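Colleague: If it helps, the file is called structure-v1.cif and holds mmCIF, C-alpha atoms:
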```cif
data_target
#
loop_
_atom_site.label_atom_id
_atom_site.label_comp_id
_atom_site.auth_asym_id
_atom_site.auth_seq_id
_atom_site.Cartn_x
_atom_site.Cartn_y
_atom_site.Cartn_z
CA MET A 1 -37.12 32.70 46.74
CA PRO A 2 -39.11 29.44 47.21
CA ALA A 3 -37.05 26.35 47.98
CA ALA A 4 -38.73 23.94 45.56
CA PRO A 5 -36.67 24.20 42.34
CA ALA A 6 -39.59 23.10 40.17
CA TYR A 7 -41.43 26.28 41.05
CA ARG A 8 -38.47 28.62 41.12
CA ARG A 9 -38.66 31.22 38.43
CA LEU A 10 -35.65 30.70 36.17
CA SER A 11 -33.96 33.48 34.25
CA VAL A 12 -34.16 33.28 30.45
CA GLU A 13 -30.55 32.04 30.32
CA GLU A 14 -31.10 29.46 33.07
CA ARG A 15 -34.24 28.19 31.39
CA ARG A 16 -32.52 28.00 28.03
CA SER A 17 -29.61 26.06 29.43
CA GLN A 18 -31.99 23.76 31.35
CA LEU A 19 -33.75 22.94 28.07
CA LEU A 20 -30.45 22.41 26.23
CA ASP A 21 -29.26 20.08 28.99
CA ALA A 22 -32.45 18.07 28.75
CA ALA A 23 -32.14 17.95 24.94
CA LEU A 24 -28.45 16.92 25.09
CA THR A 25 -29.26 14.11 27.52
CA LEU A 26 -32.01 12.87 25.20
CA PHE A 27 -29.83 13.17 22.08
CA ALA A 28 -27.11 11.36 24.01
CA HIS A 29 -29.26 8.28 24.33
CA ARG A 30 -31.39 8.37 21.20
CA ALA A 31 -30.92 9.31 17.58
CA PRO A 32 -32.13 12.89 16.91
CA GLU A 33 -34.97 11.59 14.74
CA ASP A 34 -36.32 9.65 17.73
CA VAL A 35 -36.46 12.71 20.00
CA SER A 36 -39.60 14.87 19.96
CA LEU A 37 -40.21 18.27 21.52
CA ASP A 38 -42.69 16.51 23.81
CA ASP A 39 -39.84 14.35 25.10
CA VAL A 40 -37.73 17.43 25.77
CA ALA A 41 -40.60 19.16 27.58
CA GLU A 42 -41.22 16.05 29.66
CA ALA A 43 -37.52 15.58 30.50
CA ALA A 44 -37.21 19.22 31.56
CA GLY A 45 -40.53 19.12 33.45
CA VAL A 46 -41.98 22.01 31.48
CA SER A 47 -44.81 22.45 29.01
CA ARG A 48 -44.43 21.97 25.27
CA PRO A 49 -45.42 25.61 24.52
CA LEU A 50 -42.59 26.75 26.78
CA VAL A 51 -40.07 24.72 24.73
CA TYR A 52 -41.50 26.38 21.61
CA ARG A 53 -41.25 29.81 23.20
CA TYR A 54 -37.50 29.29 23.67
CA PHE A 55 -36.95 27.45 20.40
CA PRO A 56 -39.57 28.77 18.00
CA GLY A 57 -37.72 27.03 15.14
CA GLY A 58 -38.80 23.74 16.75
CA LYS A 59 -36.74 20.59 16.80
CA GLN A 60 -34.24 21.68 14.16
CA GLN A 61 -33.37 24.83 16.15
CA LEU A 62 -33.18 22.93 19.43
CA TYR A 63 -30.99 20.26 17.84
CA GLU A 64 -28.63 22.85 16.43
CA ALA A 65 -28.45 24.73 19.73
CA ALA A 66 -27.73 21.46 21.56
CA LEU A 67 -25.08 20.62 18.96
CA ARG A 68 -23.50 24.02 19.34
CA SER A 69 -23.42 23.66 23.10
CA ALA A 70 -21.85 20.19 22.71
CA ALA A 71 -19.35 21.64 20.23
CA GLU A 72 -18.35 24.34 22.74
CA GLU A 73 -17.88 21.73 25.44
CA LEU A 74 -15.78 19.63 23.03
CA GLU A 75 -13.63 22.60 22.08
CA HIS A 76 -12.92 23.27 25.77
CA CYS A 77 -11.46 19.76 26.04
CA PHE A 78 -8.45 20.88 24.03
CA ASP A 79 -8.03 24.12 25.94
CA GLU A 80 -5.03 22.98 27.94
CA PRO A 81 -2.45 25.38 29.48
CA ARG A 82 0.63 25.58 27.26
CA HIS A 83 3.37 24.72 29.73
CA GLY A 84 5.07 21.55 30.83
CA PRO A 85 6.02 18.66 28.53
CA LEU A 86 3.90 18.26 25.42
CA LEU A 87 2.77 14.64 25.67
CA PRO A 88 1.23 14.90 29.16
CA ARG A 89 -0.69 17.95 27.90
CA LEU A 90 -2.00 15.92 24.99
CA ALA A 91 -2.88 13.08 27.38
CA ARG A 92 -4.89 15.49 29.61
CA ALA A 93 -6.76 16.90 26.60
CA LEU A 94 -7.56 13.35 25.44
CA ASP A 95 -8.77 12.48 28.97
CA ARG A 96 -11.26 15.32 28.81
CA TYR A 97 -12.24 14.44 25.23
CA LEU A 98 -12.79 10.76 26.02
CA GLY A 99 -14.72 11.78 29.13
CA PHE A 100 -17.03 13.80 26.89
CA VAL A 101 -17.36 10.90 24.44
CA GLY A 102 -18.13 8.48 27.27
CA ARG A 103 -20.75 10.77 28.84
CA HIS A 104 -22.56 11.53 25.60
CA ASP A 105 -22.23 8.08 24.05
CA ALA A 106 -24.97 7.59 21.41
CA GLY A 107 -25.35 11.37 21.15
CA PHE A 108 -21.68 11.64 20.24
CA SER A 109 -22.04 8.98 17.51
CA ALA A 110 -25.11 10.75 16.13
CA LEU A 111 -23.23 14.06 16.20
CA LEU A 112 -20.27 12.71 14.26
CA GLN A 113 -21.98 10.37 11.87
CA GLY A 114 -24.65 12.78 10.76
CA GLY A 115 -27.16 11.10 8.50
CA SER A 116 -29.95 11.98 10.91
CA VAL A 117 -33.26 13.31 9.78
CA VAL A 118 -32.31 16.83 10.88
CA GLU A 119 -28.85 16.70 9.34
CA THR A 120 -28.10 19.87 7.41
CA SER A 121 -25.01 21.50 6.05
CA ARG A 122 -25.12 23.75 9.13
CA THR A 123 -24.69 20.85 11.56
CA THR A 124 -21.87 19.51 9.37
CA ALA A 125 -20.28 22.97 9.60
CA ILE A 126 -20.49 22.86 13.42
CA VAL A 127 -18.70 19.50 13.56
CA ASP A 128 -16.07 20.69 11.07
CA GLY A 129 -15.55 23.75 13.26
CA VAL A 130 -14.70 21.50 16.23
CA ARG A 131 -12.19 19.60 14.08
CA ARG A 132 -10.58 22.82 12.95
CA ALA A 133 -10.44 24.14 16.53
CA ALA A 134 -8.79 20.89 17.68
CA ALA A 135 -6.16 21.21 14.94
CA GLU A 136 -5.50 24.86 15.89
CA HIS A 137 -5.03 23.88 19.55
CA ILE A 138 -2.54 21.22 18.51
CA TYR A 139 -0.53 23.66 16.34
CA ARG A 140 -0.39 26.10 19.26
CA HIS A 141 0.79 23.38 21.63
CA LEU A 142 3.40 22.38 19.08
CA GLY A 143 4.44 26.04 19.01
CA VAL A 144 3.92 26.35 15.24
CA ALA A 145 2.51 29.60 13.89
CA ALA A 146 2.45 28.53 10.23
CA PRO A 147 2.01 24.76 9.89
CA GLY A 148 3.08 23.53 6.45
CA PRO A 149 0.93 21.19 4.32
CA ARG A 150 2.58 17.94 5.50
CA LEU A 151 2.23 18.82 9.17
CA ARG A 152 -1.37 19.92 8.63
CA MET A 153 -2.24 16.73 6.81
CA THR A 154 -0.65 14.63 9.56
CA VAL A 155 -2.51 16.44 12.36
CA ARG A 156 -5.84 16.27 10.52
CA MET A 157 -5.37 12.57 9.77
CA TRP A 158 -4.65 11.90 13.44
CA ILE A 159 -7.75 13.87 14.53
CA THR A 160 -9.90 11.84 12.13
CA ALA A 161 -8.32 8.62 13.40
CA VAL A 162 -9.10 9.69 16.99
CA GLU A 163 -12.74 10.25 16.02
CA ALA A 164 -12.87 6.82 14.40
CA ALA A 165 -11.31 5.30 17.51
CA SER A 166 -13.92 7.01 19.71
CA LEU A 167 -16.80 5.63 17.66
CA ILE A 168 -15.31 2.12 17.64
CA TRP A 169 -14.63 2.42 21.38
CA LEU A 170 -18.32 3.21 22.04
CA ASP A 171 -19.35 0.38 19.70
CA GLU A 172 -17.18 -2.07 21.61
CA GLY A 173 -18.63 -1.22 25.03
CA LYS A 174 -15.75 1.15 25.93
CA GLU A 175 -13.01 -1.43 25.50
CA PRO A 176 -10.04 -1.01 25.99
CA ASP A 177 -10.25 1.05 29.18
CA VAL A 178 -9.99 4.78 28.81
CA GLU A 179 -6.41 5.09 30.14
CA GLU A 180 -5.12 2.51 27.69
CA LEU A 181 -6.97 4.10 24.77
CA ARG A 182 -5.60 7.54 25.72
CA ASP A 183 -1.98 6.32 25.91
CA TRP A 184 -2.37 4.40 22.66
CA LEU A 185 -3.65 7.52 20.87
CA VAL A 186 -0.75 9.59 22.23
CA GLU A 187 1.68 6.92 20.98
CA GLN A 188 0.06 6.98 17.55
CA PHE A 189 0.42 10.77 17.47
CA VAL A 190 4.15 10.43 18.14
CA ALA A 191 4.45 7.63 15.55
CA VAL A 192 2.74 9.47 12.70
CA LEU A 193 4.61 12.71 13.44
CA THR A 194 7.85 10.74 13.39
CA VAL A 195 6.97 9.24 10.00
CA THR A 196 6.22 12.71 8.63
CA ALA A 197 9.46 14.06 10.15
CA ALA A 198 11.39 11.93 7.65
CA ARG A 199 9.66 13.83 4.80
CA ASP A 200 9.26 17.33 6.23
CA ALA A 201 11.84 19.64 7.83
CA GLN A 202 9.27 21.56 9.92
CA THR A 203 7.91 18.36 11.45
CA ALA A 204 11.44 17.03 12.00
CA GLN A 205 12.27 20.18 13.99
CA LEU A 206 9.10 19.76 16.07
CA VAL A 207 9.82 16.14 16.83
CA ARG A 208 13.32 17.10 17.97
CA ASP A 209 12.20 20.09 20.08
CA ALA A 210 8.82 19.22 21.51
CA LEU A 211 8.88 15.48 21.71
CA ALA A 212 12.42 15.38 23.04
CA ALA A 213 11.14 16.91 26.32
CA ARG A 214 9.21 13.76 27.16
CA ASP A 215 9.73 13.55 30.86
CA MET B 1 -24.43 -3.42 -37.25
CA PRO B 2 -24.27 0.28 -38.22
CA ALA B 3 -20.96 2.01 -37.59
CA ALA B 4 -22.30 5.20 -35.95
CA PRO B 5 -22.39 4.38 -32.21
CA ALA B 6 -25.08 7.01 -31.54
CA TYR B 7 -27.55 4.97 -33.59
CA ARG B 8 -26.44 1.54 -32.53
CA ARG B 9 -29.08 -0.29 -30.56
CA LEU B 10 -27.60 -0.93 -27.10
CA SER B 11 -28.52 -3.91 -24.96
CA VAL B 12 -30.30 -3.18 -21.69
CA GLU B 13 -27.06 -3.76 -19.79
CA GLU B 14 -24.99 -1.58 -22.14
CA ARG B 15 -27.55 1.22 -21.95
CA ARG B 16 -27.68 1.01 -18.18
CA SER B 17 -23.93 1.18 -17.83
CA GLN B 18 -23.77 4.06 -20.35
CA LEU B 19 -26.23 6.02 -18.18
CA LEU B 20 -24.32 5.17 -14.98
CA ASP B 21 -21.06 6.31 -16.56
CA ALA B 22 -22.64 9.59 -17.58
CA ALA B 23 -24.10 10.05 -14.08
CA LEU B 24 -20.78 9.20 -12.38
CA THR B 25 -18.95 11.71 -14.55
CA LEU B 26 -21.50 14.38 -13.63
CA PHE B 27 -21.44 13.49 -9.91
CA ALA B 28 -17.65 13.56 -10.14
CA HIS B 29 -17.68 17.23 -11.06
CA ARG B 30 -20.76 18.55 -9.28
CA ALA B 31 -22.52 17.96 -5.99
CA PRO B 32 -25.40 15.47 -6.40
CA GLU B 33 -27.93 18.20 -5.65
CA ASP B 34 -26.67 20.14 -8.68
CA VAL B 35 -27.16 17.24 -11.10
CA SER B 36 -30.57 16.81 -12.77
CA LEU B 37 -31.91 13.92 -14.83
CA ASP B 38 -31.91 16.33 -17.79
CA ASP B 39 -28.15 16.73 -17.34
CA VAL B 40 -27.70 12.96 -17.32
CA ALA B 41 -29.84 12.56 -20.44
CA GLU B 42 -27.89 15.29 -22.22
CA ALA B 43 -24.50 13.89 -21.17
CA ALA B 44 -25.49 10.42 -22.39
CA GLY B 45 -27.07 11.80 -25.57
CA VAL B 46 -30.45 10.21 -24.86
CA SER B 47 -33.94 11.45 -24.04
CA ARG B 48 -35.11 12.18 -20.51
CA PRO B 49 -37.92 9.56 -20.75
CA LEU B 50 -35.29 6.94 -21.56
CA VAL B 51 -33.38 7.81 -18.37
CA TYR B 52 -36.65 7.42 -16.46
CA ARG B 53 -37.35 4.10 -18.16
CA TYR B 54 -34.06 2.73 -16.78
CA PHE B 55 -34.28 4.51 -13.44
CA PRO B 56 -38.00 4.88 -12.69
CA GLY B 57 -37.09 5.91 -9.15
CA GLY B 58 -35.63 9.10 -10.64
CA LYS B 59 -32.58 10.88 -9.36
CA GLN B 60 -32.41 9.09 -6.03
CA GLN B 61 -32.32 5.69 -7.75
CA LEU B 62 -29.77 6.84 -10.32
CA TYR B 63 -27.60 8.38 -7.60
CA GLU B 64 -27.66 5.18 -5.57
CA ALA B 65 -26.89 3.03 -8.63
CA ALA B 66 -23.99 5.34 -9.53
CA LEU B 67 -22.78 5.16 -5.91
CA ARG B 68 -23.01 1.40 -5.92
CA SER B 69 -21.06 1.19 -9.17
CA ALA B 70 -18.41 3.56 -7.69
CA ALA B 71 -18.33 1.44 -4.53
CA GLU B 72 -17.71 -1.71 -6.61
CA GLU B 73 -14.88 0.01 -8.46
CA LEU B 74 -13.41 1.16 -5.12
CA GLU B 75 -13.64 -2.33 -3.66
CA HIS B 76 -11.74 -3.71 -6.66
CA CYS B 77 -8.84 -1.37 -5.81
CA PHE B 78 -8.03 -3.51 -2.80
CA ASP B 79 -8.38 -6.78 -4.68
CA GLU B 80 -4.65 -7.46 -4.93
CA PRO B 81 -3.15 -10.96 -5.41
CA ARG B 82 -1.94 -12.36 -2.09
CA HIS B 83 1.65 -13.19 -2.89
CA GLY B 84 4.95 -11.36 -2.67
CA PRO B 85 5.97 -9.01 0.15
CA LEU B 86 3.13 -7.25 1.97
CA LEU B 87 4.11 -3.61 1.68
CA PRO B 88 4.43 -3.52 -2.13
CA ARG B 89 0.98 -5.13 -2.27
CA LEU B 90 -0.40 -2.36 -0.06
CA ALA B 91 1.37 0.23 -2.22
CA ARG B 92 -0.23 -1.20 -5.40
CA ALA B 93 -3.70 -1.18 -3.79
CA LEU B 94 -3.15 2.44 -2.70
CA ASP B 95 -2.04 3.36 -6.24
CA ARG B 96 -5.33 2.07 -7.59
CA TYR B 97 -7.29 3.73 -4.79
CA LEU B 98 -5.60 7.12 -5.27
CA GLY B 99 -6.11 6.76 -9.03
CA PHE B 100 -9.84 6.36 -8.36
CA VAL B 101 -9.82 9.36 -5.99
CA GLY B 102 -7.97 11.49 -8.55
CA ARG B 103 -10.32 10.52 -11.40
CA HIS B 104 -13.53 11.12 -9.47
CA ASP B 105 -12.35 14.18 -7.56
CA ALA B 106 -15.41 16.22 -6.42
CA GLY B 107 -17.58 13.12 -6.83
CA PHE B 108 -15.36 11.27 -4.38
CA SER B 109 -15.64 14.10 -1.83
CA ALA B 110 -19.41 14.17 -2.23
CA LEU B 111 -19.53 10.39 -1.84
CA LEU B 112 -17.53 10.43 1.39
CA GLN B 113 -18.81 13.56 2.99
CA GLY B 114 -22.48 12.84 2.43
CA GLY B 115 -24.65 15.75 3.47
CA SER B 116 -26.08 15.97 -0.02
CA VAL B 117 -29.75 16.49 -0.67
CA VAL B 118 -30.17 12.85 -1.65
CA GLU B 119 -28.19 11.53 1.30
CA THR B 120 -29.98 8.64 2.96
CA SER B 121 -29.05 5.94 5.38
CA ARG B 122 -28.80 3.65 2.34
CA THR B 123 -26.00 5.70 0.75
CA THR B 124 -24.23 5.81 4.13
CA ALA B 125 -24.55 2.02 4.24
CA ILE B 126 -22.92 1.74 0.79
CA VAL B 127 -19.92 3.82 1.89
CA ASP B 128 -19.62 1.85 5.15
CA GLY B 129 -19.69 -1.33 3.08
CA VAL B 130 -16.62 -0.14 1.14
CA ARG B 131 -14.80 0.62 4.41
CA ARG B 132 -15.63 -2.83 5.74
CA ALA B 133 -14.52 -4.47 2.49
CA ALA B 134 -11.21 -2.56 2.63
CA ALA B 135 -10.64 -3.76 6.21
CA GLU B 136 -11.42 -7.37 5.23
CA HIS B 137 -8.95 -7.18 2.34
CA ILE B 138 -6.28 -5.93 4.73
CA TYR B 139 -6.92 -8.74 7.25
CA ARG B 140 -6.65 -11.29 4.45
CA HIS B 141 -3.38 -9.78 3.24
CA LEU B 142 -2.09 -9.83 6.80
CA GLY B 143 -3.08 -13.50 6.90
CA VAL B 144 -5.37 -13.06 9.93
CA ALA B 145 -8.58 -15.06 10.06
CA ALA B 146 -9.79 -13.65 13.39
CA PRO B 147 -8.50 -10.11 13.97
CA GLY B 148 -8.68 -9.10 17.64
CA PRO B 149 -10.17 -5.80 18.81
CA ARG B 150 -6.85 -3.90 18.94
CA LEU B 151 -5.84 -4.94 15.44
CA ARG B 152 -9.31 -4.14 14.13
CA MET B 153 -9.30 -0.71 15.73
CA THR B 154 -5.84 0.03 14.29
CA VAL B 155 -6.81 -1.00 10.76
CA ARG B 156 -10.08 0.94 10.87
CA MET B 157 -8.33 4.05 12.20
CA TRP B 158 -5.78 3.84 9.40
CA ILE B 159 -8.54 3.45 6.76
CA THR B 160 -10.29 6.55 8.14
CA ALA B 161 -7.00 8.44 8.15
CA VAL B 162 -6.44 7.43 4.50
CA GLU B 163 -9.90 8.78 3.62
CA ALA B 164 -9.11 12.04 5.40
CA ALA B 165 -5.79 12.24 3.56
CA SER B 166 -7.56 11.72 0.21
CA LEU B 167 -10.01 14.54 0.87
CA ILE B 168 -7.23 16.89 2.00
CA TRP B 169 -5.15 15.85 -1.01
CA LEU B 170 -8.00 16.82 -3.37
CA ASP B 171 -8.49 20.08 -1.44
CA GLU B 172 -4.83 20.94 -1.84
CA GLY B 173 -4.75 20.45 -5.60
CA LYS B 174 -3.32 16.90 -5.38
CA GLU B 175 -0.21 17.88 -3.43
CA PRO B 176 2.04 16.08 -2.55
CA ASP B 177 2.36 13.98 -5.71
CA VAL B 178 0.62 10.65 -5.71
CA GLU B 179 3.77 8.51 -5.28
CA GLU B 180 4.85 10.45 -2.20
CA LEU B 181 1.36 10.31 -0.68
CA ARG B 182 1.20 6.56 -1.32
CA ASP B 183 4.59 5.88 0.31
CA TRP B 184 3.72 8.14 3.23
CA LEU B 185 0.45 6.25 3.83
CA VAL B 186 2.28 2.90 3.73
CA GLU B 187 4.81 4.23 6.27
CA GLN B 188 1.98 5.37 8.54
CA PHE B 189 0.42 1.91 8.30
CA VAL B 190 3.68 0.34 9.47
CA ALA B 191 4.06 2.97 12.22
CA VAL B 192 0.59 2.53 13.73
CA LEU B 193 0.80 -1.27 13.52
CA THR B 194 4.15 -1.09 15.30
CA VAL B 195 2.64 1.06 18.07
CA THR B 196 -0.20 -1.44 18.49
CA ALA B 197 2.29 -4.34 18.49
CA ALA B 198 3.60 -3.10 21.85
CA ARG B 199 0.08 -3.58 23.31
CA ASP B 200 -1.22 -6.62 21.44
CA ALA B 201 0.35 -10.04 20.93
CA GLN B 202 -1.53 -10.75 17.67
CA THR B 203 -0.33 -7.51 16.09
CA ALA B 204 3.21 -8.10 17.40
CA GLN B 205 3.26 -11.48 15.63
CA LEU B 206 2.03 -9.87 12.39
CA VAL B 207 4.63 -7.14 12.52
CA ARG B 208 7.32 -9.80 12.99
CA ASP B 209 6.02 -12.11 10.24
CA ALA B 210 4.59 -9.92 7.56
CA LEU B 211 6.54 -6.72 7.89
CA ALA B 212 9.84 -8.54 8.33
CA ALA B 213 9.63 -9.68 4.69
CA ARG B 214 10.05 -6.12 3.44
CA ASP B 215 12.22 -6.69 0.43
#
```
If you convert what's in this file into structure tokens, what do you get?

Modeller:
Amino acid sequence: MPAAPAYRRLSVEERRSQLLDAALTLFAHRAPEDVSLDDVAEAAGVSRPLVYRYFPGGKQQLYEAALRSAAEELEHCFDEPRHGPLLPRLARALDRYLGFVGRHDAGFSALLQGGSVVETSRTTAIVDGVRRAAAEHIYRHLGVAAPGPRLRMTVRMWITAVEAASLIWLDEGKEPDVEELRDWLVEQFVAVLTVTAARDAQTAQLVRDALAARD
Amino acid sequence: MPAAPAYRRLSVEERRSQLLDAALTLFAHRAPEDVSLDDVAEAAGVSRPLVYRYFPGGKQQLYEAALRSAAEELEHCFDEPRHGPLLPRLARALDRYLGFVGRHDAGFSALLQGGSVVETSRTTAIVDGVRRAAAEHIYRHLGVAAPGPRLRMTVRMWITAVEAASLIWLDEGKEPDVEELRDWLVEQFVAVLTVTAARDAQTAQLVRDALAARD
């Protein structure tokens, strides 16, 4: 196999993931409508026809594939082993999540805010899927098989608030620092669950069981 | 003036607001992409050319005007006199807001979730304007002329969480009842401000001053 990577023959999967990486990096720094297939070809050091061979649907297909790959990476953030005290687990998941947000920056904002030229109900469905997956991870960590409506509403409100915080955090040049933001979000999680506990027996039980084991 | 309202000659402003009302009612029950100008003409009991005379830009212009009129109504929800204890003021604003959400139902979801066929950056800007106005109202009620970054982030996160709660509430057939949802949202506001107070002197002062006067 030749040493120069530019001339190495990549497998279909390798080539595909090289193109997705290039696209993600571009989408991370520019709005999707400002990224062309030429840019992707140039960033990956390949020809435009090659990009089309892998993504015959053109920019829309590439954008969706890049989104899906970002969504998978995001979902992995919440894939934390279910042992040890709950709040440090949540803190580790948030560390990974905020790491993703920080790395993808403008691409993350574009992903969440939609409104791009290639926005479709399918991309909205991908983002909603990540939200749902995050909620499911949280229920599993809380040890709840059948979350009731008040617990579900609380968890979904917190997830939305975390998204809002991420966007504001990027807007404000990543202030406060990531450790402070993470701890603050964990504290808010505890606070809103505690508020709900006063109205909901299931949540009250959770707060007693899971959050009691804080250290 | 003749008694039969169908034959009464409306002023330009009356006619315009009649058409907007008809459009809002339609958008409230169907996604914007499922509403045609014919539907609006029929609902208002006028001819299609008349709708075009008032909204020569067609459906896009009518949709934006209806959005803008909904946005104005939403902004008025938060326009609460600034005297008396803070939390009852917030509760009254939330009552009006949830009343709006309940009345407009599917139209409210469509407004917030975007992704419609006529979605443009302008409609996104209208919705963002309402969010900003809501935040400004809250700062004024809190008596803060220059909210710092931590207070701003907290208020904006809470506003986003309230939006998420409204959408879930509509999804779940308006459960829990509106008074419980309102009180729950007020309690969450107090809880997240209290969490931020431990990290931010400005918010700590507010919590002492404004929230101390609870009854």

Colleague: Let me know the residues the PyMOL selection byres ((chain B) within 7 of (chain A)) catches in the file above, as an MDAnalysis selection string.

Modeller: chainID B and resid 115 120:121 153 157:158 160:161 164:165 168 187:188 191:192 195

Colleague: Starting from the shown file, work through the PyMOL selection byres ((chain A and resi 15) around 12) and note down what comes out as a short mmCIF file (atom, residue, chain, number, x, y, z; two decimals) with C-alpha atoms, in the frame of the given file.

Modeller:
```cif
data_model
loop_
_atom_site.label_atom_id
_atom_site.label_comp_id
_atom_site.auth_asym_id
_atom_site.auth_seq_id
_atom_site.Cartn_x
_atom_site.Cartn_y
_atom_site.Cartn_z
CA PRO A 5 -36.67 24.20 42.34
CA ALA A 6 -39.59 23.10 40.17
CA ARG A 8 -38.47 28.62 41.12
CA ARG A 9 -38.66 31.22 38.43
CA LEU A 10 -35.65 30.70 36.17
CA SER A 11 -33.96 33.48 34.25
CA VAL A 12 -34.16 33.28 30.45
CA GLU A 13 -30.55 32.04 30.32
CA GLU A 14 -31.10 29.46 33.07
CA ARG A 16 -32.52 28.00 28.03
CA SER A 17 -29.61 26.06 29.43
CA GLN A 18 -31.99 23.76 31.35
CA LEU A 19 -33.75 22.94 28.07
CA LEU A 20 -30.45 22.41 26.23
CA ASP A 21 -29.26 20.08 28.99
CA ALA A 22 -32.45 18.07 28.75
CA ALA A 41 -40.60 19.16 27.58
CA ALA A 44 -37.21 19.22 31.56
CA GLY A 45 -40.53 19.12 33.45
CA VAL A 46 -41.98 22.01 31.48
CA LEU A 50 -42.59 26.75 26.78
CA VAL A 51 -40.07 24.72 24.73
CA ARG A 53 -41.25 29.81 23.20
CA TYR A 54 -37.50 29.29 23.67
CA PHE A 55 -36.95 27.45 20.40
#
```

Colleague: Grab the atom CA of A:Leu170 to atom CA of A:Val101 distance for me, in Å with one decimal place.

Modeller: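 Interatomic distance here is 8.1 Å.
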
Colleague: Run the PyMOL selection byres ((chain A and resi 67) around 9) on the file and write out the hits as a ChimeraX atom specification.

Modeller: /A:24,62-66,68-72,111,123,126-127

Colleague: Hey, which of A:Arg182, A:Ala135, A:Arg140, A:Pro147 ends up closest to A:Ala91? Count only C-alpha atoms.

Modeller: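 The shortest atom-to-atom distance to A:Ala91 comes from A:Arg182.
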
Colleague: Please provide the set of residues having any atom within 10 Å of A:Phe100, restricted to all atoms listed in the file, with same-chain residues fewer than 3 positions apart removed, written as a PyMOL selection string.

Modeller: chain A and resi 70+73-74+77+94-97+103-105+108

Colleague: Residues as selected, C-alpha atoms, written as a compact mmCIF listing (two decimals), in the coordinates of the input, can you do that?

Modeller:
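Output file selection13.txt follows:
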```
# COMPACT_ATOMS: atom_id res chain seq x y z
CA ALA A 70 -21.85 20.19 22.71
CA GLU A 73 -17.88 21.73 25.44
CA LEU A 74 -15.78 19.63 23.03
CA CYS A 77 -11.46 19.76 26.04
CA LEU A 94 -7.56 13.35 25.44
CA ASP A 95 -8.77 12.48 28.97
CA ARG A 96 -11.26 15.32 28.81
CA TYR A 97 -12.24 14.44 25.23
CA ARG A 103 -20.75 10.77 28.84
CA HIS A 104 -22.56 11.53 25.60
CA ASP A 105 -22.23 8.08 24.05
CA PHE A 108 -21.68 11.64 20.24
```

Colleague: Would you compute the distance between atom CA of B:Ala43 and atom CA of B:Val130? Give it in Å to one decimal.

Modeller: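 Separation between atom CA of B:Ala43 and atom CA of B:Val130: 27.5 Å.
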
Colleague: Work out how far apart atom CA of B:Pro85 and atom CA of B:Asp200 are and give it in Å to one decimal.

Modeller: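 One can read the atom CA of B:Pro85 to atom CA of B:Asp200 distance as 22.6 Å.
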
Colleague: With a distance cut-off of 12 Å and only C-alpha atoms, select the neighbouring residues of B:Leu86, excluding the residue or stretch itself and same-chain residues fewer than 3 positions from it, and output the selection as a list in words.

Modeller: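 Residues meeting the cut-off are Glu80, Pro81, Arg82, His83, Arg89, Leu90, Ala91, Arg92, Ala93, Ile138, Tyr139, Arg140, His141, Leu142, Gly143, Val186, Phe189, Val190, Leu206, Val207, Asp209, Ala210, Leu211, Ala212, Ala213, Arg214 and Asp215 of chain B.
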
Colleague: Filtering to C-alpha atoms, could you give me those residues as a PDB file, keeping the file's coordinate frame?

Modeller:
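Contents of again_18.pdb, as written:
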```
ATOM      1  CA  GLU B  80      -4.650  -7.460  -4.930  1.00  0.00           C
ATOM      2  CA  PRO B  81      -3.150 -10.960  -5.410  1.00  0.00           C
ATOM      3  CA  ARG B  82      -1.940 -12.360  -2.090  1.00  0.00           C
ATOM      4  CA  HIS B  83       1.650 -13.190  -2.890  1.00  0.00           C
ATOM      5  CA  ARG B  89       0.980  -5.130  -2.270  1.00  0.00           C
ATOM      6  CA  LEU B  90      -0.400  -2.360  -0.060  1.00  0.00           C
ATOM      7  CA  ALA B  91       1.370   0.230  -2.220  1.00  0.00           C
ATOM      8  CA  ARG B  92      -0.230  -1.200  -5.400  1.00  0.00           C
ATOM      9  CA  ALA B  93      -3.700  -1.180  -3.790  1.00  0.00           C
ATOM     10  CA  ILE B 138      -6.280  -5.930   4.730  1.00  0.00           C
ATOM     11  CA  TYR B 139      -6.920  -8.740   7.250  1.00  0.00           C
ATOM     12  CA  ARG B 140      -6.650 -11.290   4.450  1.00  0.00           C
ATOM     13  CA  HIS B 141      -3.380  -9.780   3.240  1.00  0.00           C
ATOM     14  CA  LEU B 142      -2.090  -9.830   6.800  1.00  0.00           C
ATOM     15  CA  GLY B 143      -3.080 -13.500   6.900  1.00  0.00           C
ATOM     16  CA  VAL B 186       2.280   2.900   3.730  1.00  0.00           C
ATOM     17  CA  PHE B 189       0.420   1.910   8.300  1.00  0.00           C
ATOM     18  CA  VAL B 190       3.680   0.340   9.470  1.00  0.00           C
ATOM     19  CA  LEU B 206       2.030  -9.870  12.390  1.00  0.00           C
ATOM     20  CA  VAL B 207       4.630  -7.140  12.520  1.00  0.00           C
ATOM     21  CA  ASP B 209       6.020 -12.110  10.240  1.00  0.00           C
ATOM     22  CA  ALA B 210       4.590  -9.920   7.560  1.00  0.00           C
ATOM     23  CA  LEU B 211       6.540  -6.720   7.890  1.00  0.00           C
ATOM     24  CA  ALA B 212       9.840  -8.540   8.330  1.00  0.00           C
ATOM     25  CA  ALA B 213       9.630  -9.680   4.690  1.00  0.00           C
ATOM     26  CA  ARG B 214      10.050  -6.120   3.440  1.00  0.00           C
ATOM     27  CA  ASP B 215      12.220  -6.690   0.430  1.00  0.00           C
TER      28      ASP B 215
END
```
